[in-house]
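Working notes, beginning with the structure itself.
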Amino acid sequence: MSDPAVDAVSDREAKTDFPGPRWEAAADVVVLGSGAAGLSAAVRLRERGLRVLVVTKGAIEDGNTRWAQGGIAAVLDGVPGVAGAAGEGRDSVAAHAEDTETAGAGLCDPEAVAEIVAGGAEAVATLRRFGAVFDRSEHGPGPARTREGGHSALRVIHAGGDATGAEVQRALVAAAADDVAVLERHVAVDAVRTPAGRIAGVTVLDDRGRAGVVHAPAVLLATGGLGQLYGATSNPELATGDGVALALRAGAPVADLEFVQFHPTVLYAPGARGRRPLVTEAVRGEGAVLVDATGARVMEGVHPLADLAPRDVVSAAVIRHLAAAPGGVDDHVFLDATGIDGFAARFPTVLAACADAGIDPATEPIPVAPAAHFACGGVVAGTDGRTPVAGLYAVGEVARTGLHGANRLASNSLLEGLVVGRRAADAVAADLSSCRPVRSGDGTAAWTGTGRDAAPFESAPRDDVQRVMSRYAAIGRDADGLAVAGSVLDLATARRTCESGPRAAAWTREGVEDAALTLVARALVAAASARTESRGCHVRTDFPDRDDVSWRRSRTIRLGPSGQPVLAETAAPAAA
């Protein structure tokens, strides 16, 4: 807290009883999260001369970015591309946008897609300026490129073979090292707001439950996803939906939460829970195929792109295939990569994970299964990060910009975080220069809130949330199962509330995370129950068809007067 970018307001003990703040500080902007989106924004904010404080639950290098294997989907000017099976040609931003909208199953915002994919070349150039090193092509000038599911061209650039996220994170951490103040191992609890509802800062807790408040006229959410809603996920332990919950409590709408992308190839182990190693889609891009326990091809005849079909198609096909328990196996399939030359050099991260599990991809197929991977929805925000709540911004996976629609195109996530992160920083700078700043102390923290404030901090035990969401709200949902999920969440929450009170658990990191998971689970169940069709990542077994007449639109969710998620207005239909 001694960094000159942040002013200490008070280091003395607060006069209020615990859990009141033990310390206070002030900044121009608080960035919650230290992944690609958050650090891109923070570095740009410092370039604009603003005092920035990054608050992160782990160390600065933790988070989901460093686990990203595949790469960055970006069309680089002047770099020839190979367009699918048609032979040689040139890639284009328009082709990238078309692929993105196709994967998004009719719910992408075409303007958002166009703006973000057009920023790919500049985003990559910025990373290079920060020192990022990408794999070079063996066949000519420029970076090596691969193709992933849903892409019509070789446009995914990568680093370290399958360690792109780690290289992106390294470069951004280095860029932030000298100028950006970072508060590690702190979790954001709630937004501080003025009586008029404008953001005035954020309250935080450290790992030992010590409370503090950072006064700031702008808070930028870059908290990542919500994979820990489910028992098996590619996400780290940090991905508990904190940003979505904080935004809901601050009055912001969220949308498209029902669209949770399940990656079809996460390393399988019997009974394993929590974060599981990812087997990047690029392995299939290099020729690996999915087979069942009998050796039969899983994707044969399912989709024209076969094993390189969009992720929602592959994951759903795997689940359907396993229903017949081929070869007596009903919980995983296999990825046969034995035909890939140079697997060890191209995919060192995957190789290491397989080796830890006693698997040799060169001689035997890799056991894989779908697992929660990416939240396509989130806090409603523009491509400049602005949300409907003054002073609140959202970027990266926590945001719903309209890029992903009902299903994310592979490797568009790093692209979005990098492009929108810097655009949001410019928006924050413009907003702060044109409006009256919020003075330290103008906002009222929710430390002593009761009544309608209490409900969003109620929580069910995490094990109950993960169990019921994995069983009833993962791939393949129906009205009866979603109703069961809602009832279990209510009963588990009521039981814990009776035992400990509605807010008692919120004053630990685990309590904050459990409250966020419970609130986001309820919002997701509400959204999934309302969408009576199957589209993209949202598969309803009782409504198996896509309905473009009634459902080619997004639904938003807000907190109602009781503090529970409720469906709000219907958004306009997506453009045809």
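In the structure tokens, the first chain shown is A, the next is B, and so on; residue numbers restart at 1 for each chain, and ligands run from 1 in the order shown.
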
For stretch 170-187 of chain A: contacts at 8 Å, only C-alpha atoms, fewer than 3 positions along chain excluded, given as a count of residues only:
32

Run DSSP on the backbone and give me the residues of stretch 78-139 of chain A it puts in strand (DSSP E or B), as a list in words.
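Written out, the strand (DSSP E or B) residues of stretch 78-139 of chain A are Gly81, Val82, Ala83, Glu88, Gly89 and Arg136 of chain A.
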
Got time to write the residues from that selection, C-alpha atoms, as a CSV table (one decimal), in the first residue's frame?
```csv
chain,number,residue,atom,x,y,z
A,81,GLY,CA,-3.7,-17.7,-44.3
A,82,VAL,CA,-5.0,-21.1,-45.3
A,83,ALA,CA,-8.7,-21.1,-45.6
A,88,GLU,CA,-4.4,-21.4,-49.9
A,89,GLY,CA,-5.9,-18.0,-49.6
A,136,ARG,CA,7.6,-18.6,-35.3
```

Using only C-alpha atoms, pick whichever of A:Gly209, A:Gly563, A:Gly251, A:Gly274 has the shortest atom-to-atom distance to A:Gly227.
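Among the listed residues, the smallest separation from A:Gly227 belongs to A:Gly274.
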
Please list as a list in words every residue within 9 Å of A:Ala296, counting only C-alpha atoms and excluding residues in the same chain fewer than 5 positions away.
Leu290, Val291 and Pro326 of chain A

Taking 4 positions as the minimum chain separation for residues in the same chain, which residues sit within 9 Å of A:His332 when counting only C-alpha atoms? Answer as a PyMOL selection string.
chain A and resi 268+292-293+318-319+322+367-370

So that I can see what lies close to A:Ala118, please list as number ranges by chain the residues with an atom at most 10 Å from it, counting only C-alpha atoms and leaving out residues fewer than 4 positions away in the same chain.
A: 74-76, 92-94, 96-97, 112-114, 122-123, 419

Return the single residue from A:Gly49, A:Gly161, A:Gly377, A:Gly417 that is closest to A:Asp135, with distances computed using only C-alpha atoms.
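Using only C-alpha atoms, the shortest distance to A:Asp135 belongs to A:Gly161.
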
Would you kindly return, as a PyMOL selection string, each protein, DNA or RNA residue with an atom no farther than 6 Å from any atom of A:Gly71, considering only C-alpha atoms and excluding same-chain residues fewer than 5 positions away?
chain A and resi 156-158+164+411

Taking N, CA, C and O atoms for each residue, export the selection above as a tab-separated table (two decimals), in the first residue's frame.
```tsv
chain	number	residue	atom	x	y	z
A	156	VAL	N	-4.87	-18.78	-35.28
A	156	VAL	CA	-4.59	-18.80	-33.85
A	156	VAL	C	-3.09	-18.82	-33.64
A	156	VAL	O	-2.41	-19.80	-33.97
A	157	ILE	N	-2.55	-17.72	-33.12
A	157	ILE	CA	-1.12	-17.66	-32.84
A	157	ILE	C	-0.88	-18.14	-31.42
A	157	ILE	O	-1.75	-18.03	-30.56
A	158	HIS	N	0.32	-18.69	-31.19
A	158	HIS	CA	0.57	-19.33	-29.90
A	158	HIS	C	2.00	-19.10	-29.47
A	158	HIS	O	2.85	-18.62	-30.23
A	164	THR	N	0.48	-20.40	-24.32
A	164	THR	CA	0.25	-19.00	-24.72
A	164	THR	C	-0.16	-18.14	-23.55
A	164	THR	O	0.35	-17.03	-23.37
A	411	SER	N	-10.32	-19.47	-28.67
A	411	SER	CA	-9.24	-18.50	-28.62
A	411	SER	C	-9.68	-17.06	-28.83
A	411	SER	O	-8.84	-16.17	-29.03
```

Contact residues around A:Ala424 with only C-alpha atoms at 9 Å, ignoring same-chain residues under 2 positions, as number ranges by chain
A: 41, 220, 382-386, 393-395, 419-422, 426-429

Distance criterion (only C-alpha atoms): nearest to A:Asp356 out of A:Leu519, A:Leu267, A:Ile475, A:Leu524:
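Comparing A:Leu519, A:Leu267, A:Ile475, A:Leu524 against A:Asp356, the winner is A:Leu267.
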
One decimal, Å: what's the distance from atom CA of A:Ala306 over to atom CA of A:Arg276, could you say?
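Interatomic distance, atom CA of A:Ala306 to atom CA of A:Arg276: 24.6 Å.
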
Could you give me, as an MDAnalysis selection string, each residue of stretch 375-435 of chain A that DSSP assigns to helix (DSSP H, G or I) when run on this structure's backbone?
chainID A and resid 396:398 412:434

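If you look at atom CA of A:Gly243 and atom CA of A:Asp490, they are 21.8 Å away from each other.
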
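Nearest to A:Ser152 of all the residues A:Val283, A:Val213, A:Leu305, A:Thr126 is A:Leu305, based on only C-alpha atoms.
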
Shortest interatomic distance to A:Ser554 - which of A:Arg531, A:Arg540, A:Arg147, A:Arg462, counting only C-alpha atoms:
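Nearest candidate to A:Ser554 out of A:Arg531, A:Arg540, A:Arg147, A:Arg462: A:Arg531.
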